[in-house]
Amino acid sequence: MKKWLQGLMVGLLGLAFFACSDSQETQKGEALTDTEIGLRKVDLQDEKDVKLPEYEYSKLEAGESTKIERSYENAPPMIPHNVEDMLPITQDNNQCLACHDPAIAADVGAVAVPTSHTHDLRTNKDLGQVSHARFNCVLCHTPQANINPAVANTFTPDFRNIESKNSSNLLDVLNEGVK
């Protein structure tokens, strides 16, 4: 009975969302064109009209840059330095670990990868090295570009404590609220 009621509620919410959502028609019933929606104002089927704004990645080498505050608690940190000579990252060639490996990081003044990267979440065991599932750093960590965004960011993160701005406790809070 409880699952049936939950299914009904989800269905009603979906119906309400569909009924209240904006369609691609004006109030007069006329369809909007591709150039009238979104921020780009160009034909969505023709990419030749898309012009990227000017941007530049950091030219500072690793060790010369300063940390970028996280976007939100436990967010993957941005890469503040030049990565041009470090790509592509493969399982056999990961230049990031030359400085960020936990065994080396303190000696070279780099931030060590957190324990969540050296932990197997399936077996709940410390691997003693970066997990093979997490070798490709740039899937989550990206270089920061200097660019003027098309839309201003008004998001304000709420950190539990000051340390959360520059470090992760993801492994500690991963199952928080899960029963």
# chains A, B, ... in the order shown; residues from 1 in each chain; ligands from 1
call {"tool": "residues_around", "arguments": {"residues": "A:Glu64", "least_positions_apart": "4", "cutoff": "10 Å", "atoms": "only C-alpha atoms", "output": "list in words"}}
result
Lys59, Leu60, Pro80, His81 and Asn82 of chain A
call {"tool": "write_last_selection", "arguments": {"atoms": "N, CA, C and O atoms", "output": "compact mmCIF listing (two decimals), in the first residue's frame"}}
result
# COMPACT_ATOMS: atom_id res chain seq x y z
N LYS A 59 49.34 30.26 -16.73
CA LYS A 59 50.67 29.97 -17.26
C LYS A 59 51.64 29.63 -16.13
O LYS A 59 52.78 29.24 -16.37
N LEU A 60 51.18 29.77 -14.87
CA LEU A 60 52.04 29.47 -13.73
C LEU A 60 52.33 27.98 -13.66
O LEU A 60 51.46 27.15 -13.87
N PRO A 80 45.19 24.98 -10.19
CA PRO A 80 45.58 26.38 -10.35
C PRO A 80 46.81 26.61 -11.23
O PRO A 80 47.19 27.74 -11.46
N HIS A 81 47.43 25.53 -11.72
CA HIS A 81 48.68 25.68 -12.47
C HIS A 81 48.56 25.13 -13.88
O HIS A 81 47.59 24.47 -14.23
N ASN A 82 49.55 25.40 -14.69
CA ASN A 82 49.61 24.94 -16.06
C ASN A 82 49.70 23.41 -16.10
O ASN A 82 50.47 22.82 -15.35
call {"tool": "residues_around", "arguments": {"residues": "A:Gly128", "least_positions_apart": "5", "cutoff": "12 Å", "atoms": "only C-alpha atoms", "output": "number ranges by chain"}}
result
A: 101-103, 113-120
call {"tool": "atom_distance", "arguments": {"atom1": "atom CA of A:Asp172", "atom2": "atom CA of A:Glu69"}}
result
20.2 Å
call {"tool": "atom_distance", "arguments": {"atom1": "atom CA of A:Asn94", "atom2": "atom CA of A:Tyr72"}}
result
26.3 Å
call {"tool": "select_by_dssp", "arguments": {"residues": "chain A", "states": "alpha helix (DSSP H)", "output": "PyMOL selection string"}}
result
chain A and resi 2-20+97-100+105-108+170-173
call {"tool": "closest_residue", "arguments": {"among": "A:Pro143, A:Gly63, A:Pro157, A:Gly29", "to": "A:Ile79", "atoms": "only C-alpha atoms"}}
result
A:Pro143
call {"tool": "residues_around", "arguments": {"residues": "A:Arg160", "least_positions_apart": "6", "cutoff": "12 Å", "atoms": "only C-alpha atoms", "output": "list in words"}}
result
Tyr72, Glu73, Asn74, Ser167, Ser168, Asn169 and Val173 of chain A
call {"tool": "closest_residue", "arguments": {"among": "A:Cys140, A:Ala133, A:Ala110, A:Ala98", "to": "A:Met78", "atoms": "only C-alpha atoms"}}
result
A:Cys140
call {"tool": "decode", "arguments": {"residues": "stretch 140-154 of chain A", "atoms": "all heavy atoms", "output": "PDB file, in the first residue's frame"}}
result
ATOM      1  N   CYS A 140      37.613  14.953 -12.795  1.00  0.00           N
ATOM      2  CA  CYS A 140      36.978  15.759 -11.743  1.00  0.00           C
ATOM      3  C   CYS A 140      37.681  17.097 -11.519  1.00  0.00           C
ATOM      4  O   CYS A 140      37.036  18.094 -11.225  1.00  0.00           O
ATOM      5  CB  CYS A 140      36.947  14.995 -10.427  1.00  0.00           C
ATOM      6  SG  CYS A 140      36.035  13.443 -10.500  1.00  0.00           S
ATOM      7  N   HIS A 141      38.985  17.097 -11.642  1.00  0.00           N
ATOM      8  CA  HIS A 141      39.777  18.307 -11.388  1.00  0.00           C
ATOM      9  C   HIS A 141      40.118  18.941 -12.723  1.00  0.00           C
ATOM     10  O   HIS A 141      40.697  18.292 -13.587  1.00  0.00           O
ATOM     11  CB  HIS A 141      41.061  17.951 -10.634  1.00  0.00           C
ATOM     12  CG  HIS A 141      40.806  17.167  -9.392  1.00  0.00           C
ATOM     13  ND1 HIS A 141      40.447  17.755  -8.210  1.00  0.00           N
ATOM     14  CD2 HIS A 141      40.834  15.826  -9.158  1.00  0.00           C
ATOM     15  CE1 HIS A 141      40.272  16.819  -7.293  1.00  0.00           C
ATOM     16  NE2 HIS A 141      40.499  15.642  -7.841  1.00  0.00           N
ATOM     17  N   THR A 142      39.776  20.207 -12.883  1.00  0.00           N
ATOM     18  CA  THR A 142      40.010  20.878 -14.149  1.00  0.00           C
ATOM     19  C   THR A 142      40.828  22.146 -13.940  1.00  0.00           C
ATOM     20  O   THR A 142      40.733  22.784 -12.901  1.00  0.00           O
ATOM     21  CB  THR A 142      38.686  21.245 -14.840  1.00  0.00           C
ATOM     22  OG1 THR A 142      37.930  22.085 -13.962  1.00  0.00           O
ATOM     23  CG2 THR A 142      37.883  20.008 -15.169  1.00  0.00           C
ATOM     24  N   PRO A 143      41.621  22.512 -14.943  1.00  0.00           N
ATOM     25  CA  PRO A 143      42.360  23.770 -14.833  1.00  0.00           C
ATOM     26  C   PRO A 143      41.387  24.948 -14.832  1.00  0.00           C
ATOM     27  O   PRO A 143      40.358  24.909 -15.501  1.00  0.00           O
ATOM     28  CB  PRO A 143      43.226  23.793 -16.094  1.00  0.00           C
ATOM     29  CG  PRO A 143      43.188  22.423 -16.646  1.00  0.00           C
ATOM     30  CD  PRO A 143      41.933  21.791 -16.163  1.00  0.00           C
ATOM     31  N   GLN A 144      41.723  25.974 -14.089  1.00  0.00           N
ATOM     32  CA  GLN A 144      40.876  27.162 -14.016  1.00  0.00           C
ATOM     33  C   GLN A 144      41.256  28.112 -15.146  1.00  0.00           C
ATOM     34  O   GLN A 144      42.415  28.457 -15.303  1.00  0.00           O
ATOM     35  CB  GLN A 144      41.052  27.858 -12.666  1.00  0.00           C
ATOM     36  CG  GLN A 144      40.224  29.098 -12.499  1.00  0.00           C
ATOM     37  CD  GLN A 144      38.738  28.806 -12.482  1.00  0.00           C
ATOM     38  OE1 GLN A 144      38.279  28.035 -11.679  1.00  0.00           O
ATOM     39  NE2 GLN A 144      38.007  29.423 -13.373  1.00  0.00           N
ATOM     40  N   ALA A 145      40.271  28.509 -15.925  1.00  0.00           N
ATOM     41  CA  ALA A 145      40.505  29.471 -17.003  1.00  0.00           C
ATOM     42  C   ALA A 145      40.077  30.861 -16.543  1.00  0.00           C
ATOM     43  O   ALA A 145      39.133  31.008 -15.775  1.00  0.00           O
ATOM     44  CB  ALA A 145      39.712  29.071 -18.243  1.00  0.00           C
ATOM     45  N   ASN A 146      40.797  31.856 -17.038  1.00  0.00           N
ATOM     46  CA  ASN A 146      40.408  33.240 -16.800  1.00  0.00           C
ATOM     47  C   ASN A 146      39.422  33.619 -17.896  1.00  0.00           C
ATOM     48  O   ASN A 146      39.790  33.707 -19.071  1.00  0.00           O
ATOM     49  CB  ASN A 146      41.629  34.160 -16.850  1.00  0.00           C
ATOM     50  CG  ASN A 146      42.606  33.839 -15.752  1.00  0.00           C
ATOM     51  OD1 ASN A 146      42.202  33.539 -14.632  1.00  0.00           O
ATOM     52  ND2 ASN A 146      43.883  33.867 -16.063  1.00  0.00           N
ATOM     53  N   ILE A 147      38.150  33.805 -17.521  1.00  0.00           N
ATOM     54  CA  ILE A 147      37.104  34.060 -18.505  1.00  0.00           C
ATOM     55  C   ILE A 147      35.990  34.867 -17.856  1.00  0.00           C
ATOM     56  O   ILE A 147      35.759  34.777 -16.651  1.00  0.00           O
ATOM     57  CB  ILE A 147      36.551  32.726 -19.072  1.00  0.00           C
ATOM     58  CG1 ILE A 147      35.636  32.952 -20.251  1.00  0.00           C
ATOM     59  CG2 ILE A 147      35.879  31.921 -17.997  1.00  0.00           C
ATOM     60  CD1 ILE A 147      35.286  31.682 -21.013  1.00  0.00           C
ATOM     61  N   ASN A 148      35.336  35.656 -18.655  1.00  0.00           N
ATOM     62  CA  ASN A 148      34.152  36.368 -18.181  1.00  0.00           C
ATOM     63  C   ASN A 148      32.946  35.494 -18.492  1.00  0.00           C
ATOM     64  O   ASN A 148      32.650  35.241 -19.664  1.00  0.00           O
ATOM     65  CB  ASN A 148      34.014  37.728 -18.870  1.00  0.00           C
ATOM     66  CG  ASN A 148      35.073  38.699 -18.415  1.00  0.00           C
ATOM     67  OD1 ASN A 148      35.462  38.690 -17.254  1.00  0.00           O
ATOM     68  ND2 ASN A 148      35.555  39.516 -19.325  1.00  0.00           N
ATOM     69  N   PRO A 149      32.240  35.011 -17.478  1.00  0.00           N
ATOM     70  CA  PRO A 149      31.099  34.124 -17.725  1.00  0.00           C
ATOM     71  C   PRO A 149      29.937  34.855 -18.385  1.00  0.00           C
ATOM     72  O   PRO A 149      29.749  36.057 -18.187  1.00  0.00           O
ATOM     73  CB  PRO A 149      30.721  33.634 -16.325  1.00  0.00           C
ATOM     74  CG  PRO A 149      31.259  34.662 -15.397  1.00  0.00           C
ATOM     75  CD  PRO A 149      32.453  35.264 -16.062  1.00  0.00           C
ATOM     76  N   ALA A 150      29.158  34.108 -19.176  1.00  0.00           N
ATOM     77  CA  ALA A 150      27.988  34.679 -19.836  1.00  0.00           C
ATOM     78  C   ALA A 150      26.907  35.047 -18.819  1.00  0.00           C
ATOM     79  O   ALA A 150      26.131  35.971 -19.031  1.00  0.00           O
ATOM     80  CB  ALA A 150      27.427  33.695 -20.856  1.00  0.00           C
ATOM     81  N   VAL A 151      26.876  34.305 -17.721  1.00  0.00           N
ATOM     82  CA  VAL A 151      25.903  34.562 -16.663  1.00  0.00           C
ATOM     83  C   VAL A 151      26.660  34.647 -15.347  1.00  0.00           C
ATOM     84  O   VAL A 151      27.494  33.796 -15.046  1.00  0.00           O
ATOM     85  CB  VAL A 151      24.854  33.419 -16.580  1.00  0.00           C
ATOM     86  CG1 VAL A 151      23.894  33.634 -15.437  1.00  0.00           C
ATOM     87  CG2 VAL A 151      24.103  33.281 -17.895  1.00  0.00           C
ATOM     88  N   ALA A 152      26.375  35.662 -14.570  1.00  0.00           N
ATOM     89  CA  ALA A 152      27.064  35.829 -13.287  1.00  0.00           C
ATOM     90  C   ALA A 152      26.681  34.700 -12.333  1.00  0.00           C
ATOM     91  O   ALA A 152      25.534  34.253 -12.316  1.00  0.00           O
ATOM     92  CB  ALA A 152      26.707  37.174 -12.671  1.00  0.00           C
ATOM     93  N   ASN A 153      27.646  34.255 -11.555  1.00  0.00           N
ATOM     94  CA  ASN A 153      27.406  33.206 -10.564  1.00  0.00           C
ATOM     95  C   ASN A 153      27.013  33.869  -9.250  1.00  0.00           C
ATOM     96  O   ASN A 153      27.779  34.631  -8.678  1.00  0.00           O
ATOM     97  CB  ASN A 153      28.681  32.377 -10.374  1.00  0.00           C
ATOM     98  CG  ASN A 153      28.496  31.248  -9.383  1.00  0.00           C
ATOM     99  OD1 ASN A 153      27.415  31.050  -8.832  1.00  0.00           O
ATOM    100  ND2 ASN A 153      29.554  30.504  -9.151  1.00  0.00           N
ATOM    101  N   THR A 154      25.814  33.565  -8.781  1.00  0.00           N
ATOM    102  CA  THR A 154      25.353  34.139  -7.520  1.00  0.00           C
ATOM    103  C   THR A 154      25.344  33.115  -6.394  1.00  0.00           C
ATOM    104  O   THR A 154      24.883  33.407  -5.299  1.00  0.00           O
ATOM    105  CB  THR A 154      23.932  34.723  -7.680  1.00  0.00           C
ATOM    106  OG1 THR A 154      23.049  33.670  -8.083  1.00  0.00           O
ATOM    107  CG2 THR A 154      23.911  35.838  -8.713  1.00  0.00           C
TER     108      THR A 154
END
